[in-house]
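For reference, run_3.tsv (TSV, C-alpha atoms):
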chain	number	residue	atom	x	y	z
A	111	MET	CA	116.27	127.63	89.92
A	112	ILE	CA	114.75	130.87	88.66
A	113	ALA	CA	112.54	133.35	90.51
A	114	PHE	CA	110.73	136.40	89.16
A	115	ILE	CA	109.78	139.15	91.62
A	116	SER	CA	107.81	142.21	90.56
A	117	GLY	CA	105.53	144.88	91.99
A	118	GLY	CA	105.08	148.63	92.27
A	119	ALA	CA	107.69	151.26	93.16
A	120	ARG	CA	109.01	150.90	96.73
A	121	SER	CA	106.80	147.87	97.35
A	122	GLY	CA	109.67	145.94	98.96
A	123	LYS	CA	110.71	143.97	95.86
A	124	SER	CA	114.45	144.29	96.41
A	125	THR	CA	114.26	143.44	100.11
A	126	HIS	CA	112.27	140.32	99.36
A	127	ALA	CA	114.56	139.35	96.47
A	128	GLU	CA	117.66	139.72	98.65
A	129	ALA	CA	116.10	137.54	101.34
A	130	LEU	CA	115.31	134.88	98.73
A	131	VAL	CA	118.89	134.98	97.42
A	132	ARG	CA	120.22	134.51	100.96
A	133	ARG	CA	117.86	131.57	101.49
A	134	TRP	CA	118.87	129.92	98.22
A	135	GLN	CA	122.55	130.53	98.93
A	136	ALA	CA	122.19	128.95	102.39
A	137	GLU	CA	120.63	125.87	100.76
A	138	ARG	CA	123.01	125.63	97.84
A	139	GLY	CA	126.30	127.07	99.09
A	140	GLY	CA	128.34	129.08	96.57
A	141	ALA	CA	128.74	132.82	96.28
A	142	ARG	CA	126.14	135.58	96.22
A	143	TYR	CA	126.25	137.93	93.25
A	144	TYR	CA	124.42	141.18	92.64
A	145	LEU	CA	124.05	142.26	89.02
A	146	ALA	CA	123.22	145.95	88.89
A	147	THR	CA	121.76	147.12	85.58
A	148	ALA	CA	122.35	150.70	86.75
A	149	SER	CA	125.79	152.17	86.19
A	150	GLY	CA	127.20	155.67	86.46
A	151	GLY	CA	124.46	158.29	86.41
A	152	ASP	CA	123.94	161.57	88.19
A	153	GLY	CA	123.83	162.38	91.91
A	154	GLU	CA	120.32	161.09	92.44
A	155	TRP	CA	121.14	157.78	90.77
A	156	GLN	CA	124.32	157.42	92.79
A	157	ALA	CA	122.32	158.03	95.96
A	158	ARG	CA	119.74	155.39	94.94
A	159	ILE	CA	122.47	152.90	94.11
A	160	GLY	CA	124.21	153.68	97.41
A	161	ARG	CA	120.96	153.21	99.35
A	162	HIS	CA	120.38	149.78	97.79
A	163	ARG	CA	124.01	148.75	98.32
A	164	GLN	CA	123.93	149.76	101.98
A	165	ALA	CA	120.64	147.93	102.52
A	166	ARG	CA	122.09	144.74	101.01
A	167	GLY	CA	124.97	144.70	103.46
A	168	GLU	CA	128.20	142.74	103.01
A	169	GLY	CA	128.88	139.44	101.35
A	170	TRP	CA	127.79	140.37	97.82
A	171	ILE	CA	129.97	140.37	94.73
A	172	THR	CA	128.66	143.28	92.67
A	173	LEU	CA	128.65	143.26	88.88
A	174	GLU	CA	127.55	146.23	86.79
A	175	GLU	CA	126.22	145.63	83.31
A	176	PRO	CA	123.66	147.90	81.66
A	177	VAL	CA	122.73	145.69	78.68
A	178	ASP	CA	124.73	142.50	78.04
A	179	LEU	CA	123.30	140.09	80.61
A	180	ILE	CA	125.07	137.08	79.05
A	181	ALA	CA	128.50	138.67	79.50
A	182	ALA	CA	127.63	139.32	83.14
A	183	LEU	CA	126.39	135.74	83.67
A	184	GLU	CA	129.64	134.39	82.27
A	185	ARG	CA	131.47	136.13	85.12
A	186	VAL	CA	129.43	134.23	87.72
A	187	GLU	CA	130.84	131.00	89.20
A	188	PRO	CA	128.66	127.92	88.61
A	189	GLY	CA	126.84	126.99	91.83
A	190	SER	CA	126.33	130.64	92.80
A	191	THR	CA	123.14	132.62	93.32
A	192	LEU	CA	122.64	135.76	91.24
A	193	LEU	CA	120.29	138.69	91.84
A	194	LEU	CA	119.41	140.71	88.71
A	195	ASP	CA	117.94	144.12	89.62
A	196	CYS	CA	116.10	145.28	87.54
A	197	LEU	CA	114.50	144.55	84.15
A	198	THR	CA	112.82	147.95	83.65
A	199	LEU	CA	116.15	149.73	83.52
A	200	TRP	CA	117.75	147.00	81.41
A	201	ALA	CA	114.86	147.22	78.92
A	202	SER	CA	115.21	150.98	78.50
A	203	GLN	CA	118.97	150.75	78.10
A	204	LEU	CA	118.64	147.97	75.56
A	205	LEU	CA	116.17	149.92	73.42
A	206	TYR	CA	117.59	153.41	73.86
A	207	SER	CA	121.17	153.35	75.09
A	208	SER	CA	123.43	155.84	73.37
A	209	GLU	CA	126.54	154.10	74.71
A	210	HIS	CA	126.16	151.30	72.19
A	211	ALA	CA	127.06	151.56	68.57
A	212	SER	CA	123.62	150.38	67.56
A	213	GLU	CA	120.57	149.97	69.72
A	214	LEU	CA	119.20	146.47	69.95
A	215	ASP	CA	115.65	145.69	68.99
A	216	GLU	CA	112.88	143.79	70.77
A	217	ALA	CA	113.65	140.44	69.13
A	218	GLN	CA	117.29	140.64	70.21
A	219	GLY	CA	116.19	141.56	73.72
A	220	ILE	CA	113.81	138.58	73.93
A	221	ALA	CA	116.56	136.30	72.58
A	222	MET	CA	118.95	137.61	75.23
A	223	ILE	CA	116.46	136.83	78.03
A	224	GLU	CA	115.77	133.35	76.63
A	225	ARG	CA	119.49	132.70	76.55
A	226	LEU	CA	120.01	134.12	80.05
A	227	LEU	CA	117.40	131.76	81.50
A	228	ALA	CA	118.74	128.72	79.62
A	229	GLU	CA	122.38	129.50	80.43
A	230	ALA	CA	121.64	130.10	84.12
A	231	ARG	CA	120.04	126.64	84.33
A	232	ARG	CA	122.85	125.04	82.33
A	233	ARG	CA	125.55	126.65	84.47
A	234	ASN	CA	123.71	125.88	87.71
A	235	VAL	CA	123.39	129.54	88.64
A	236	ALA	CA	120.26	130.21	90.70
A	237	LEU	CA	118.74	133.40	89.34
A	238	VAL	CA	116.43	135.90	91.05
A	239	ILE	CA	115.11	138.52	88.64
A	240	VAL	CA	113.51	141.75	89.90
A	241	SER	CA	111.30	144.08	87.87
A	242	ASN	CA	108.73	146.82	88.31
A	243	ASP	CA	105.11	146.68	87.13
A	244	VAL	CA	104.36	149.85	85.17
A	245	ASN	CA	101.39	148.66	83.08
A	246	GLU	CA	98.47	149.21	85.43
A	247	GLY	CA	98.18	152.99	85.14
A	248	MET	CA	96.73	155.09	82.31
A	249	PRO	CA	97.82	153.78	78.90
A	250	PRO	CA	100.61	156.02	77.56
A	251	GLU	CA	99.80	158.55	74.85
A	252	ASN	CA	103.29	158.48	73.34
A	253	ALA	CA	104.07	155.79	70.75
A	254	GLU	CA	107.61	155.20	72.03
A	255	VAL	CA	106.33	154.65	75.55
A	256	TRP	CA	103.83	152.14	74.14
A	257	ARG	CA	106.70	150.35	72.42
A	258	TYR	CA	108.70	150.22	75.63
A	259	LEU	CA	105.70	148.99	77.63
A	260	ALA	CA	104.89	146.29	75.07
A	261	PHE	CA	108.51	145.09	75.11
A	262	LEU	CA	108.83	145.11	78.89
A	263	GLN	CA	105.59	143.15	79.24
A	264	ARG	CA	106.76	140.56	76.67
A	265	VAL	CA	109.88	140.12	78.80
A	266	HIS	CA	107.81	139.86	81.99
A	267	ARG	CA	105.45	137.26	80.52
A	268	LEU	CA	108.39	135.20	79.26
A	269	VAL	CA	110.25	135.30	82.58
A	270	ALA	CA	107.06	134.59	84.60
A	271	GLN	CA	106.33	131.64	82.31
A	272	GLU	CA	109.82	130.16	82.67
A	273	ALA	CA	110.42	130.89	86.36
A	274	ASP	CA	110.01	128.25	89.07
A	275	GLU	CA	108.84	130.87	91.53
A	276	VAL	CA	106.86	134.05	90.77
A	277	ILE	CA	106.14	136.61	93.46
A	278	GLN	CA	104.23	139.89	93.36
A	279	VAL	CA	105.22	142.16	96.23
A	280	MET	CA	102.63	144.60	97.61
A	281	ALA	CA	103.30	146.77	100.67
A	282	GLY	CA	106.23	144.54	101.55
A	283	LEU	CA	104.08	141.38	101.48
A	284	PRO	CA	105.00	138.67	98.96
A	285	GLN	CA	102.03	137.25	97.04
A	286	VAL	CA	102.93	133.88	95.54
A	287	TRP	CA	101.69	133.30	91.98
A	288	LYS	CA	103.74	130.20	91.33
A	289	ARG	CA	106.17	128.10	93.34
A	290	ARG	CA	108.37	125.23	92.13
A	291	GLY	CA	106.15	123.95	89.39
A	292	GLU	CA	102.95	124.10	91.43
A	293	GLU	CA	101.11	126.61	89.32
A	294	ARG	CA	97.96	128.14	90.71
A	295	SER	CA	94.62	127.83	88.87
B	110	MET	CA	79.40	136.10	83.25
B	111	GLN	CA	83.13	136.21	83.92
B	112	LEU	CA	85.52	139.16	84.17
B	113	PHE	CA	89.22	139.17	83.29
B	114	ILE	CA	91.04	142.31	84.39
B	115	GLY	CA	94.70	143.27	84.09
B	116	GLY	CA	97.12	145.95	82.91
B	117	ALA	CA	98.26	146.68	79.36
B	118	TYR	CA	99.98	143.68	77.73
B	119	ALA	CA	99.36	141.56	80.82
B	120	GLY	CA	98.33	138.64	78.56
B	121	LYS	CA	94.54	138.89	79.06
B	122	ARG	CA	93.57	137.71	75.57
B	123	ASP	CA	95.81	134.64	75.69
B	124	VAL	CA	94.40	133.67	79.06
B	125	VAL	CA	90.83	133.96	77.71
B	126	ARG	CA	91.70	132.03	74.54
B	127	GLN	CA	93.08	129.18	76.65
B	128	ARG	CA	89.92	128.97	78.74
B	129	PHE	CA	87.04	129.32	76.28
B	130	GLU	CA	86.43	127.29	73.19
B	131	ALA	CA	85.82	129.20	69.96
B	132	PRO	CA	84.26	132.31	71.50
B	133	HIS	CA	82.93	135.10	69.36
B	134	TRP	CA	85.23	138.09	69.81
B	135	HIS	CA	83.42	141.43	69.95
B	136	SER	CA	86.14	144.10	70.09
B	137	ALA	CA	86.12	147.88	70.14
B	138	HIS	CA	89.62	147.68	68.66
B	139	ALA	CA	88.14	146.03	65.55
B	140	GLY	CA	85.62	148.88	65.28
B	141	GLY	CA	82.69	147.09	66.91
B	142	ARG	CA	80.15	149.28	68.72
B	143	LEU	CA	79.24	148.06	72.18
B	144	GLU	CA	75.48	147.69	71.53
B	145	ALA	CA	76.21	145.61	68.42
B	146	TRP	CA	76.72	142.48	70.56
B	147	ARG	CA	72.95	142.03	70.34
B	148	SER	CA	73.28	141.06	66.69
B	149	LEU	CA	75.54	138.18	67.83
B	150	ALA	CA	72.91	136.77	70.16
B	151	GLU	CA	73.08	133.30	68.58
B	152	THR	CA	76.68	132.95	69.80
B	153	ARG	CA	77.17	130.70	72.81
B	154	CYS	CA	80.29	132.38	74.17
B	155	LEU	CA	80.78	136.08	73.66
B	156	VAL	CA	84.01	137.91	74.55
B	157	LEU	CA	83.72	141.70	74.85
B	158	GLU	CA	86.90	143.78	74.92
B	159	GLY	CA	87.90	147.40	74.47
B	160	TRP	CA	85.57	148.76	77.14
B	161	GLU	CA	87.89	151.75	77.73
B	162	ARG	CA	87.33	152.68	74.09
B	163	TRP	CA	83.56	152.28	74.42
B	164	ILE	CA	83.67	154.57	77.46
B	165	GLY	CA	85.93	157.04	75.63
B	166	GLU	CA	83.48	157.28	72.71
B	167	ARG	CA	80.67	158.26	75.10
B	168	LEU	CA	82.51	160.90	77.15
B	169	ALA	CA	81.70	163.87	74.91
B	170	ALA	CA	78.01	163.05	74.47
B	171	GLU	CA	77.37	162.41	78.17
B	172	PRO	CA	79.03	164.98	80.45
B	173	ASP	CA	77.44	163.49	83.58
B	174	ASP	CA	79.58	160.73	85.09
B	175	ASP	CA	76.78	159.09	87.07
B	176	ARG	CA	74.53	158.85	84.04
B	177	LEU	CA	77.35	157.43	81.93
B	178	ARG	CA	78.19	154.90	84.61
B	179	GLN	CA	74.53	153.86	84.71
B	180	ALA	CA	74.38	153.57	80.93
B	181	MET	CA	77.38	151.23	80.96
B	182	ALA	CA	75.85	149.22	83.79
B	183	ARG	CA	72.65	148.82	81.76
B	184	GLU	CA	74.70	147.10	79.05
B	185	LEU	CA	76.05	144.74	81.71
B	186	ASP	CA	72.50	144.03	82.83
B	187	ALA	CA	71.46	143.36	79.23
B	188	LEU	CA	74.34	140.89	78.83
B	189	TRP	CA	73.33	139.24	82.06
B	190	GLY	CA	69.76	138.97	80.77
B	191	TRP	CA	70.99	137.51	77.48
B	192	GLU	CA	72.93	134.84	79.35
B	193	ALA	CA	69.94	133.89	81.47
B	194	GLU	CA	67.59	133.79	78.50
B	195	ARG	CA	69.81	132.08	75.92
B	196	GLY	CA	72.14	130.02	78.09
B	197	GLY	CA	75.18	131.76	76.65
B	198	GLU	CA	78.27	132.99	78.43
B	199	ALA	CA	79.63	136.54	78.35
B	200	VAL	CA	83.33	137.07	79.03
B	201	LEU	CA	84.41	140.63	79.78
B	202	ILE	CA	88.02	141.78	79.33
B	203	LEU	CA	88.83	145.01	81.17
B	204	LEU	CA	92.00	147.06	81.22
B	205	GLU	CA	93.33	147.98	84.66
B	206	MET	CA	94.37	151.64	84.38
B	207	GLY	CA	93.80	153.01	87.87
B	208	ARG	CA	97.20	152.40	89.44
B	209	GLY	CA	99.18	155.35	88.12
B	210	ILE	CA	99.29	159.09	88.68
B	211	VAL	CA	96.07	161.10	88.38
B	212	PRO	CA	95.95	162.27	84.74
B	213	LEU	CA	96.20	166.01	84.04
B	214	GLY	CA	93.49	166.12	81.38
B	215	LEU	CA	89.81	166.08	82.35
B	216	ASP	CA	88.85	163.50	79.72
B	217	ASN	CA	91.54	161.11	80.90
B	218	ARG	CA	90.50	161.59	84.52
B	219	ARG	CA	86.88	160.83	83.60
B	220	LEU	CA	87.93	157.83	81.53
B	221	ARG	CA	89.98	156.43	84.38
B	222	ASP	CA	87.17	156.97	86.91
B	223	LEU	CA	84.49	155.46	84.69
B	224	ASN	CA	86.69	152.50	83.85
B	225	GLY	CA	87.19	151.83	87.56
B	226	TRP	CA	83.45	152.07	88.27
B	227	LEU	CA	82.72	149.80	85.33
B	228	ALA	CA	85.13	147.21	86.76
B	229	GLN	CA	83.29	147.33	90.09
B	230	ASP	CA	79.88	147.12	88.43
B	231	ALA	CA	81.04	144.25	86.22
B	232	ALA	CA	82.60	142.33	89.11
B	233	ALA	CA	79.38	142.69	91.10
B	234	ARG	CA	77.50	140.92	88.29
B	235	CYS	CA	80.07	138.23	87.43
B	236	GLU	CA	80.17	134.76	88.95
B	237	ARG	CA	83.96	134.69	88.63
B	238	VAL	CA	86.54	137.47	88.49
B	239	TRP	CA	90.13	136.89	87.36
B	240	TYR	CA	93.22	139.06	87.67
B	241	VAL	CA	95.79	138.67	84.89
B	242	TRP	CA	99.36	139.65	85.75
B	243	ASN	CA	102.41	139.06	83.58
B	244	GLY	CA	100.75	136.21	81.71
B	245	LEU	CA	99.57	134.45	84.88
B	246	VAL	CA	96.00	134.41	86.15
B	247	LYS	CA	94.46	134.21	89.58
B	248	GLU	CA	90.83	134.23	90.70
B	249	LEU	CA	89.94	137.14	92.96
B	250	SER	CA	87.98	136.24	96.06
B	251	ARG	CA	85.06	138.31	97.34
Take the structure I supplied and represent it as structure tokens, if you would.
Amino acid sequence: MIAFISGGARSGKSTHAEALVRRWQAERGGARYYLATASGGDGEWQARIGRHRQARGEGWITLEEPVDLIAALERVEPGSTLLLDCLTLWASQLLYSSEHASELDEAQGIAMIERLLAEARRRNVALVIVSNDVNEGMPPENAEVWRYLAFLQRVHRLVAQEADEVIQVMAGLPQVWKRRGEERS
Amino acid sequence: MQLFIGGAYAGKRDVVRQRFEAPHWHSAHAGGRLEAWRSLAETRCLVLEGWERWIGERLAAEPDDDRLRQAMARELDALWGWEAERGGEAVLILLEMGRGIVPLGLDNRRLRDLNGWLAQDAAARCERVWYVWNGLVKELSR
């Protein structure tokens, strides 16, 4: 089972995603994992990470992995439910991270997402993926920002296509685009 | 007339391609001028895209926002008239760009405002309005 949840900044995406993970875990049993794409960072980042962690409460096994989502998935017990939060940060780290010997390109990023989705299904890991919509403001004037936006949107379209459940969160309210194969329109 | 609106790389073109058979594509990105759709009047289904570029090209020549908005709306009316007269179908693709921070530059602020007004004016004239989001599409209700 795969869900994709996206929306604007502070729209309530994470809260809704956590509730969905709890619901799926209650139905399926197994453990509840949180895969943070953020790691390290300065004081503001630590505070953001701390705020999210506190809001989630107890009962989560936290994994931190900035880029290699497959390595993280391999650490998750089959039968578990995994929350991946979030794709915007993962996408920027994949394209621009200085911690890696060589940056990955878009095709490698798309291949990683395809493999993540297929492996999650194969390993019976229910996956809830959170991202942030950043494509509905003024088009960027910088070519690198265009490249990032184009890549992130390719990832979004792929995940939305493959997911069983797709939710857009606005002002804390989940708008259902797709649920368990019953696609709208 | 139908309107498809969504953000950059939302998948608007693919959604339109899936829904309309062999439309003629009139695009600002391919260098087409807006008014030039009239030379394609024999086409049954006409897709018009790149409206933000067509607005951008007019900003310098028309400093008055209201007049520019009205000029764009007249093109919508002409398309509507073409549909009624020839039995064709016009499909408008618009870029959503109004959900970010107010731009610093005057031209970008005007572009963003005019694009938003155009979307309202287009939606008011269209039988159906669709929102494209991450490759998915949903009809907007009135």
Find the nearest atom pair between each residue of chain A and chain B for residues within 10 Å, count all atoms listed in the file, give distances in Å to one decimal, sort rows by chain and ascending number, and present the table as a tab-separated table.
residue	atom	partner	partner_atom	distance
A:Ser116	CA	B:Asn243	CA	9.4
A:Gly118	CA	B:Arg208	CA	9.2
A:Asp243	CA	B:Asn243	CA	8.8
A:Val244	CA	B:Gly209	CA	8.1
A:Asn245	CA	B:Gly116	CA	5.1
A:Glu246	CA	B:Gly116	CA	4.3
A:Gly247	CA	B:Gly209	CA	3.9
A:Met248	CA	B:Met206	CA	4.7
A:Pro249	CA	B:Met206	CA	6.8
A:Pro250	CA	B:Ala117	CA	9.8
A:Trp256	CA	B:Ala117	CA	9.4
A:Leu259	CA	B:Tyr118	CA	7.8
A:Ala260	CA	B:Tyr118	CA	6.2
A:Phe261	CA	B:Tyr118	CA	9.0
A:Leu262	CA	B:Tyr118	CA	9.0
A:Gln263	CA	B:Tyr118	CA	5.8
A:Arg264	CA	B:Tyr118	CA	7.5
A:Val265	CA	B:Asn243	CA	8.9
A:His266	CA	B:Asn243	CA	5.7
A:Arg267	CA	B:Asn243	CA	4.7
A:Leu268	CA	B:Gly244	CA	8.1
A:Val269	CA	B:Asn243	CA	8.8
A:Ala270	CA	B:Asn243	CA	6.5
A:Gln271	CA	B:Gly244	CA	7.2
A:Val276	CA	B:Leu245	CA	9.4
A:Gln278	CA	B:Trp242	CA	9.0
A:Trp287	CA	B:Leu245	CA	7.5
A:Lys288	CA	B:Leu245	CA	8.8
A:Glu293	CA	B:Leu245	CA	9.1
A:Arg294	CA	B:Lys247	CA	7.1
A:Ser295	CA	B:Lys247	CA	6.4
Exercise. Could you name the residues that touch Glu158 of chain B at 10 Å or less, counting all atoms listed in the file, but leaving out those on the same chain fewer than 3 positions away, as a ChimeraX atom specification?
Worked result: /B:113,121-122,134-139,141,143,155,161-163,200-204
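Between atom CA of Asn234 of chain A and atom CA of Gly169 of chain A there is a distance of 19.9 Å.
Residue nearest Gly117 of chain A, chosen from A:Asp274, A:Tyr258, A:Leu197, A:Ser207 and counting all atoms listed in the file: A:Leu197.
Those residues positioned at most 12 Å from (101.8, 150.5, 102.5) are A:Gly118, A:Ala119, A:Arg120, A:Ser121, A:Gly122, A:Val279, A:Met280, A:Ala281, A:Gly282, A:Leu283, judged using only C-alpha atoms.
A straight line drawn from atom CA of Arg225 of chain A to atom CA of Gln203 of chain A is 18.1 Å long.
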